[in-house]
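Student: So here's work-v1.cif (mmCIF, C-alpha atoms).
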data_coords
loop_
_atom_site.group_PDB
_atom_site.id
_atom_site.type_symbol
_atom_site.label_atom_id
_atom_site.label_comp_id
_atom_site.auth_asym_id
_atom_site.auth_seq_id
_atom_site.Cartn_x
_atom_site.Cartn_y
_atom_site.Cartn_z
ATOM 1 C CA LYS A 1 90.551 78.707 112.184
ATOM 2 C CA GLN A 2 90.651 82.450 112.736
ATOM 3 C CA GLU A 3 87.357 83.963 113.892
ATOM 4 C CA VAL A 4 86.851 87.725 113.765
ATOM 5 C CA THR A 5 84.010 89.400 115.625
ATOM 6 C CA GLN A 6 82.812 92.996 115.450
ATOM 7 C CA ILE A 7 80.525 94.466 118.052
ATOM 8 C CA PRO A 8 78.159 96.235 117.760
ATOM 9 C CA ALA A 9 76.668 95.236 114.402
ATOM 10 C CA ALA A 10 75.152 98.700 114.014
ATOM 11 C CA LEU A 11 75.650 102.092 115.601
ATOM 12 C CA SER A 12 73.821 105.413 115.276
ATOM 13 C CA VAL A 13 75.298 108.618 116.691
ATOM 14 C CA PRO A 14 74.680 112.366 116.362
ATOM 15 C CA GLU A 15 77.139 114.390 114.342
ATOM 16 C CA GLY A 16 80.192 115.451 116.297
ATOM 17 C CA GLU A 17 80.253 112.474 118.625
ATOM 18 C CA ASN A 18 83.337 110.260 118.715
ATOM 19 C CA LEU A 19 82.948 106.741 117.312
ATOM 20 C CA VAL A 20 84.435 103.632 118.898
ATOM 21 C CA LEU A 21 84.337 100.417 116.867
ATOM 22 C CA ASN A 22 85.521 97.121 118.295
ATOM 23 C CA CYS A 23 87.099 94.086 116.683
ATOM 24 C CA SER A 24 88.243 90.855 118.336
ATOM 25 C CA PHE A 25 90.022 87.820 116.887
ATOM 26 C CA THR A 26 90.667 84.358 118.262
ATOM 27 C CA ASP A 27 94.200 83.545 117.030
ATOM 28 C CA SER A 28 96.860 86.061 118.016
ATOM 29 C CA ALA A 29 99.344 84.744 115.403
ATOM 30 C CA ILE A 30 98.600 87.474 112.892
ATOM 31 C CA TYR A 31 100.799 89.432 110.495
ATOM 32 C CA ASN A 32 98.685 92.555 110.493
ATOM 33 C CA LEU A 33 95.193 93.922 110.936
ATOM 34 C CA GLN A 34 93.387 96.127 108.434
ATOM 35 C CA TRP A 35 90.378 98.389 108.855
ATOM 36 C CA PHE A 36 88.218 98.971 105.784
ATOM 37 C CA ARG A 37 85.279 101.162 104.914
ATOM 38 C CA GLN A 38 82.510 99.990 102.610
ATOM 39 C CA ASP A 39 79.806 102.224 101.178
ATOM 40 C CA PRO A 40 76.526 100.585 100.056
ATOM 41 C CA GLY A 41 76.972 98.549 96.883
ATOM 42 C CA LYS A 42 80.653 99.387 96.638
ATOM 43 C CA GLY A 43 83.977 97.691 97.218
ATOM 44 C CA LEU A 44 86.283 98.083 100.195
ATOM 45 C CA THR A 45 88.485 101.086 100.858
ATOM 46 C CA SER A 46 91.470 100.508 103.107
ATOM 47 C CA LEU A 47 91.575 102.955 106.025
ATOM 48 C CA LEU A 48 94.413 101.794 108.229
ATOM 49 C CA LEU A 49 96.798 98.874 108.437
ATOM 50 C CA ILE A 50 98.540 97.956 111.685
ATOM 51 C CA GLN A 51 101.498 95.585 111.561
ATOM 52 C CA SER A 52 101.636 92.946 114.285
ATOM 53 C CA SER A 53 104.597 94.708 115.892
ATOM 54 C CA GLN A 54 102.742 98.027 116.148
ATOM 55 C CA ARG A 55 100.350 99.238 118.832
ATOM 56 C CA GLU A 56 98.490 101.870 116.853
ATOM 57 C CA GLN A 57 98.148 103.768 113.584
ATOM 58 C CA THR A 58 96.703 107.191 112.930
ATOM 59 C CA SER A 59 95.371 108.892 109.830
ATOM 60 C CA GLY A 60 93.620 112.217 110.226
ATOM 61 C CA ARG A 61 90.558 111.727 112.448
ATOM 62 C CA LEU A 62 91.094 107.956 112.515
ATOM 63 C CA ASN A 63 93.106 106.085 115.089
ATOM 64 C CA ALA A 64 93.347 102.311 115.352
ATOM 65 C CA SER A 65 94.894 100.398 118.237
ATOM 66 C CA LEU A 66 96.007 96.790 118.372
ATOM 67 C CA ASP A 67 96.459 94.539 121.383
ATOM 68 C CA LYS A 68 97.615 91.310 119.807
ATOM 69 C CA SER A 69 97.957 89.361 123.048
ATOM 70 C CA SER A 70 94.318 89.911 123.971
ATOM 71 C CA GLY A 71 93.099 89.633 120.372
ATOM 72 C CA ARG A 72 91.546 93.089 120.164
ATOM 73 C CA SER A 73 91.596 96.159 117.969
ATOM 74 C CA THR A 74 89.664 99.393 118.283
ATOM 75 C CA LEU A 75 88.982 101.994 115.615
ATOM 76 C CA TYR A 76 88.342 105.517 116.896
ATOM 77 C CA ILE A 77 86.820 108.153 114.633
ATOM 78 C CA ALA A 78 86.941 111.621 116.144
ATOM 79 C CA ALA A 79 84.227 114.244 115.656
ATOM 80 C CA SER A 80 82.022 112.120 113.408
ATOM 81 C CA GLN A 81 80.402 113.588 110.295
ATOM 82 C CA PRO A 82 77.457 112.390 108.180
ATOM 83 C CA GLY A 83 79.976 111.421 105.498
ATOM 84 C CA ASP A 84 81.380 108.836 107.920
ATOM 85 C CA SER A 85 78.183 106.805 107.547
ATOM 86 C CA ALA A 86 79.249 103.444 106.117
ATOM 87 C CA THR A 87 80.053 99.888 107.129
ATOM 88 C CA TYR A 88 83.427 99.405 108.770
ATOM 89 C CA LEU A 89 85.151 96.053 108.489
ATOM 90 C CA CYS A 90 88.189 94.756 110.263
ATOM 91 C CA ALA A 91 90.296 91.929 108.894
ATOM 92 C CA VAL A 92 93.357 90.045 110.133
ATOM 93 C CA VAL A 93 96.060 88.492 107.998
ATOM 94 C CA SER A 94 97.261 85.007 108.788
ATOM 95 C CA ASP A 95 99.268 83.116 106.153
ATOM 96 C CA TYR A 96 98.316 85.393 103.194
ATOM 97 C CA LYS A 97 94.643 85.094 104.015
ATOM 98 C CA LEU A 98 92.444 87.885 105.249
ATOM 99 C CA SER A 99 89.774 86.839 107.737
ATOM 100 C CA PHE A 100 86.981 89.387 108.005
ATOM 101 C CA GLY A 101 84.544 90.394 110.653
ATOM 102 C CA ALA A 102 80.915 90.918 109.621
ATOM 103 C CA GLY A 103 81.267 94.687 110.039
ATOM 104 C CA THR A 104 79.732 97.525 112.013
ATOM 105 C CA THR A 105 77.251 99.712 110.136
ATOM 106 C CA VAL A 106 77.557 103.308 111.279
ATOM 107 C CA THR A 107 74.958 106.043 110.817
ATOM 108 C CA VAL A 108 75.906 109.598 111.733
ATOM 109 C CA ARG A 109 72.810 111.776 112.132
ATOM 110 C CA ALA A 110 73.055 115.420 111.081
ATOM 111 C CA ASP B 1 97.112 104.613 93.343
ATOM 112 C CA VAL B 2 96.437 100.916 92.959
ATOM 113 C CA LYS B 3 93.654 100.144 90.516
ATOM 114 C CA VAL B 4 91.776 96.860 90.728
ATOM 115 C CA THR B 5 89.137 96.639 88.023
ATOM 116 C CA GLN B 6 86.316 94.135 87.892
ATOM 117 C CA SER B 7 84.785 93.756 84.469
ATOM 118 C CA SER B 8 81.132 94.046 85.479
ATOM 119 C CA ARG B 9 79.334 95.851 88.323
ATOM 120 C CA TYR B 10 76.110 93.904 87.819
ATOM 121 C CA LEU B 11 75.526 90.567 86.126
ATOM 122 C CA VAL B 12 72.414 88.418 85.728
ATOM 123 C CA LYS B 13 72.749 84.797 84.622
ATOM 124 C CA ARG B 14 70.629 81.662 84.567
ATOM 125 C CA THR B 15 71.116 78.455 86.528
ATOM 126 C CA GLY B 16 73.398 76.001 84.775
ATOM 127 C CA GLU B 17 75.270 78.657 82.834
ATOM 128 C CA LYS B 18 79.063 78.902 82.935
ATOM 129 C CA VAL B 19 79.915 82.324 84.328
ATOM 130 C CA PHE B 20 83.202 84.209 84.102
ATOM 131 C CA LEU B 21 84.121 87.082 86.415
ATOM 132 C CA GLU B 22 87.221 89.010 85.440
ATOM 133 C CA CYS B 23 89.604 91.056 87.557
ATOM 134 C CA VAL B 24 92.587 93.121 86.422
ATOM 135 C CA GLN B 25 95.144 94.971 88.543
ATOM 136 C CA ASP B 26 97.673 97.514 87.336
ATOM 137 C CA MET B 27 100.330 97.372 90.062
ATOM 138 C CA ASP B 28 102.246 94.218 89.165
ATOM 139 C CA HIS B 29 101.011 92.525 92.348
ATOM 140 C CA GLU B 30 101.969 88.903 92.861
ATOM 141 C CA ASN B 31 98.903 87.979 94.906
ATOM 142 C CA MET B 32 95.294 88.074 93.786
ATOM 143 C CA PHE B 33 92.165 86.999 95.642
ATOM 144 C CA TRP B 34 88.483 86.301 95.076
ATOM 145 C CA TYR B 35 85.947 86.759 97.871
ATOM 146 C CA ARG B 36 82.212 86.601 98.110
ATOM 147 C CA GLN B 37 80.222 88.779 100.491
ATOM 148 C CA ASP B 38 76.847 87.814 101.888
ATOM 149 C CA PRO B 39 74.697 89.572 104.521
ATOM 150 C CA GLY B 40 75.425 88.253 107.970
ATOM 151 C CA LEU B 41 78.344 86.121 106.751
ATOM 152 C CA GLY B 42 80.823 88.841 105.841
ATOM 153 C CA LEU B 43 83.541 88.249 103.267
ATOM 154 C CA ARG B 44 84.741 84.721 102.647
ATOM 155 C CA LEU B 45 87.768 83.720 100.604
ATOM 156 C CA ILE B 46 87.020 81.539 97.583
ATOM 157 C CA TYR B 47 90.444 81.204 95.905
ATOM 158 C CA PHE B 48 93.721 83.046 95.786
ATOM 159 C CA SER B 49 96.794 83.025 93.593
ATOM 160 C CA TYR B 50 100.360 83.971 94.532
ATOM 161 C CA ASP B 51 101.830 83.687 91.044
ATOM 162 C CA VAL B 52 100.908 83.112 87.425
ATOM 163 C CA LYS B 53 99.300 79.683 86.933
ATOM 164 C CA MET B 54 99.342 79.102 90.703
ATOM 165 C CA LYS B 55 96.169 78.847 92.770
ATOM 166 C CA GLU B 56 95.150 77.899 96.272
ATOM 167 C CA LYS B 57 91.737 77.059 97.667
ATOM 168 C CA GLY B 58 90.239 79.408 100.168
ATOM 169 C CA ASP B 59 87.489 78.644 102.637
ATOM 170 C CA ILE B 60 84.625 78.062 100.165
ATOM 171 C CA PRO B 61 85.997 76.821 96.798
ATOM 172 C CA GLU B 62 83.188 74.380 96.006
ATOM 173 C CA GLY B 63 81.420 75.204 92.742
ATOM 174 C CA TYR B 64 84.160 77.619 91.636
ATOM 175 C CA SER B 65 87.412 77.482 89.718
ATOM 176 C CA VAL B 66 89.972 80.150 88.828
ATOM 177 C CA SER B 67 92.436 80.969 86.114
ATOM 178 C CA ARG B 68 95.565 83.107 86.191
ATOM 179 C CA GLU B 69 97.308 83.036 82.826
ATOM 180 C CA LYS B 70 98.805 86.523 83.160
ATOM 181 C CA LYS B 71 100.070 88.289 86.242
ATOM 182 C CA GLU B 72 97.604 91.160 86.026
ATOM 183 C CA ARG B 73 94.459 89.100 85.446
ATOM 184 C CA PHE B 74 92.600 86.690 87.724
ATOM 185 C CA SER B 75 89.372 85.064 86.588
ATOM 186 C CA LEU B 76 86.711 83.397 88.692
ATOM 187 C CA ILE B 77 84.638 80.732 86.955
ATOM 188 C CA LEU B 78 81.305 79.354 88.073
ATOM 189 C CA GLU B 79 81.243 76.038 86.260
ATOM 190 C CA SER B 80 77.452 75.575 86.472
ATOM 191 C CA ALA B 81 75.818 78.526 88.171
ATOM 192 C CA SER B 82 73.295 77.878 90.922
ATOM 193 C CA THR B 83 70.962 80.228 92.781
ATOM 194 C CA ASN B 84 73.006 79.909 95.994
ATOM 195 C CA GLN B 85 75.876 81.596 94.163
ATOM 196 C CA THR B 86 73.907 84.844 93.975
ATOM 197 C CA SER B 87 76.195 87.218 95.859
ATOM 198 C CA MET B 88 78.569 90.174 95.746
ATOM 199 C CA TYR B 89 81.985 89.084 94.450
ATOM 200 C CA LEU B 90 85.073 91.078 95.336
ATOM 201 C CA CYS B 91 88.539 90.814 93.855
ATOM 202 C CA ALA B 92 91.692 92.001 95.622
ATOM 203 C CA SER B 93 95.417 92.118 94.997
ATOM 204 C CA SER B 94 98.595 92.659 97.012
ATOM 205 C CA PHE B 95 102.355 92.509 96.799
ATOM 206 C CA GLY B 96 104.053 89.244 97.650
ATOM 207 C CA GLU B 97 104.853 89.756 101.316
ATOM 208 C CA THR B 98 102.184 88.632 103.747
ATOM 209 C CA TYR B 99 102.191 91.922 105.606
ATOM 210 C CA GLN B 100 101.318 93.982 102.538
ATOM 211 C CA PRO B 101 97.783 95.422 102.385
ATOM 212 C CA GLN B 102 95.166 94.074 100.024
ATOM 213 C CA HIS B 103 93.501 96.455 97.566
ATOM 214 C CA PHE B 104 89.947 95.785 96.458
ATOM 215 C CA GLY B 105 87.902 96.338 93.336
ATOM 216 C CA ASP B 106 84.375 97.754 93.379
ATOM 217 C CA GLY B 107 82.747 94.324 93.279
ATOM 218 C CA THR B 108 80.407 92.466 90.941
ATOM 219 C CA ARG B 109 76.857 91.886 92.094
ATOM 220 C CA LEU B 110 75.883 88.569 90.506
ATOM 221 C CA SER B 111 72.310 87.308 90.375
ATOM 222 C CA ILE B 112 71.571 83.745 89.305
ATOM 223 C CA LEU B 113 67.950 83.222 88.256
#
Starting from the coordinates I provided, produce the structure as structure tokens.
Tutor:
Amino acid sequence: KQEVTQIPAALSVPEGENLVLNCSFTDSAIYNLQWFRQDPGKGLTSLLLIQSSQREQTSGRLNASLDKSSGRSTLYIAASQPGDSATYLCAVVSDYKLSFGAGTTVTVRA
Amino acid sequence: DVKVTQSSRYLVKRTGEKVFLECVQDMDHENMFWYRQDPGLGLRLIYFSYDVKMKEKGDIPEGYSVSREKKERFSLILESASTNQTSMYLCASSFGETYQPQHFGDGTRLSIL
């Protein structure tokens, strides 16, 4: 069974600092990996999707890397802003199913 | 943009009631999913469907059933609600291929009293 772990569980940084969020998974036989953002009481917004054949994806200030062989992904958020405060979830797809990590809750202090 | 709509944002029911949660997507997606999200446990897959009238159990199907009579609609049914089913329920949909991204609704926060 796929296990997805996100460390740390919570992170607080001053505005302008770069954010580094980590995700690890136990079974490297994945189709893709998705990073999501979740605001309190809301659903999930997809940020980036990395196919298993890719090493990284970029969207604006966000960059996600994938090392499938070691079972790791990292989400980088450059020059953080208070509006980046949210919970970030990573999820891997194996056989149609998404397996989620518990998330990292980020607070960006103004 | 993909739109996944869950019928209720908040719902309060009593133990023993039969509860229906509805989800509708507007992108002709083949796959639809129901998850529940609990603090410290993350999101867990309850059921999913890859076609009309088709369903597959996820990781925690006990106490739940689903219905997919039309492609755009996927219903989650709590046959006899219990307090341990108090949770945030999230619906998602995707195109048929496994590598396609899943798109989520805003969730239904269900409280069973």
Student: I would like the residues chosen by the PyMOL selection byres ((chain A and resi 15) around 7) on the shown file; could you give them as JSON, numbers by chain?
Tutor: {"A": [13, 14, 16, 17, 80, 81, 82, 108, 109, 110]}
Student: For the structure shown, which residues end up in the PyMOL selection byres ((chain A and resi 34-47) around 9)? Put them as a PyMOL selection string, please?
Tutor: (chain A and resi 32-33+48-51+59+62+64+75+85-93+98) or (chain B and resi 88+90-91+101-109)
Student: Residues at most 8 Å from stretch 5-20 of chain B, counting all atoms listed in the file, excluding those fewer than 2 positions away in the same chain, as a VMD selection string?
Tutor: chain B and resid 3 22 to 25 75 to 83 91 105 to 113
Student: From the options A:Ala79, A:Ile30, A:Leu66, A:Val106, which residue's atoms come nearest to A:Ala9, counting all atoms listed in the file?
Tutor: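 The answer is A:Val106, which sits nearest to A:Ala9.
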Student: Atom CA of B:Met27 and atom CA of B:Val66, how far apart in Å?
Tutor: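 Between atom CA of B:Val66 and atom CA of B:Met27 the gap is 20.1 Å.
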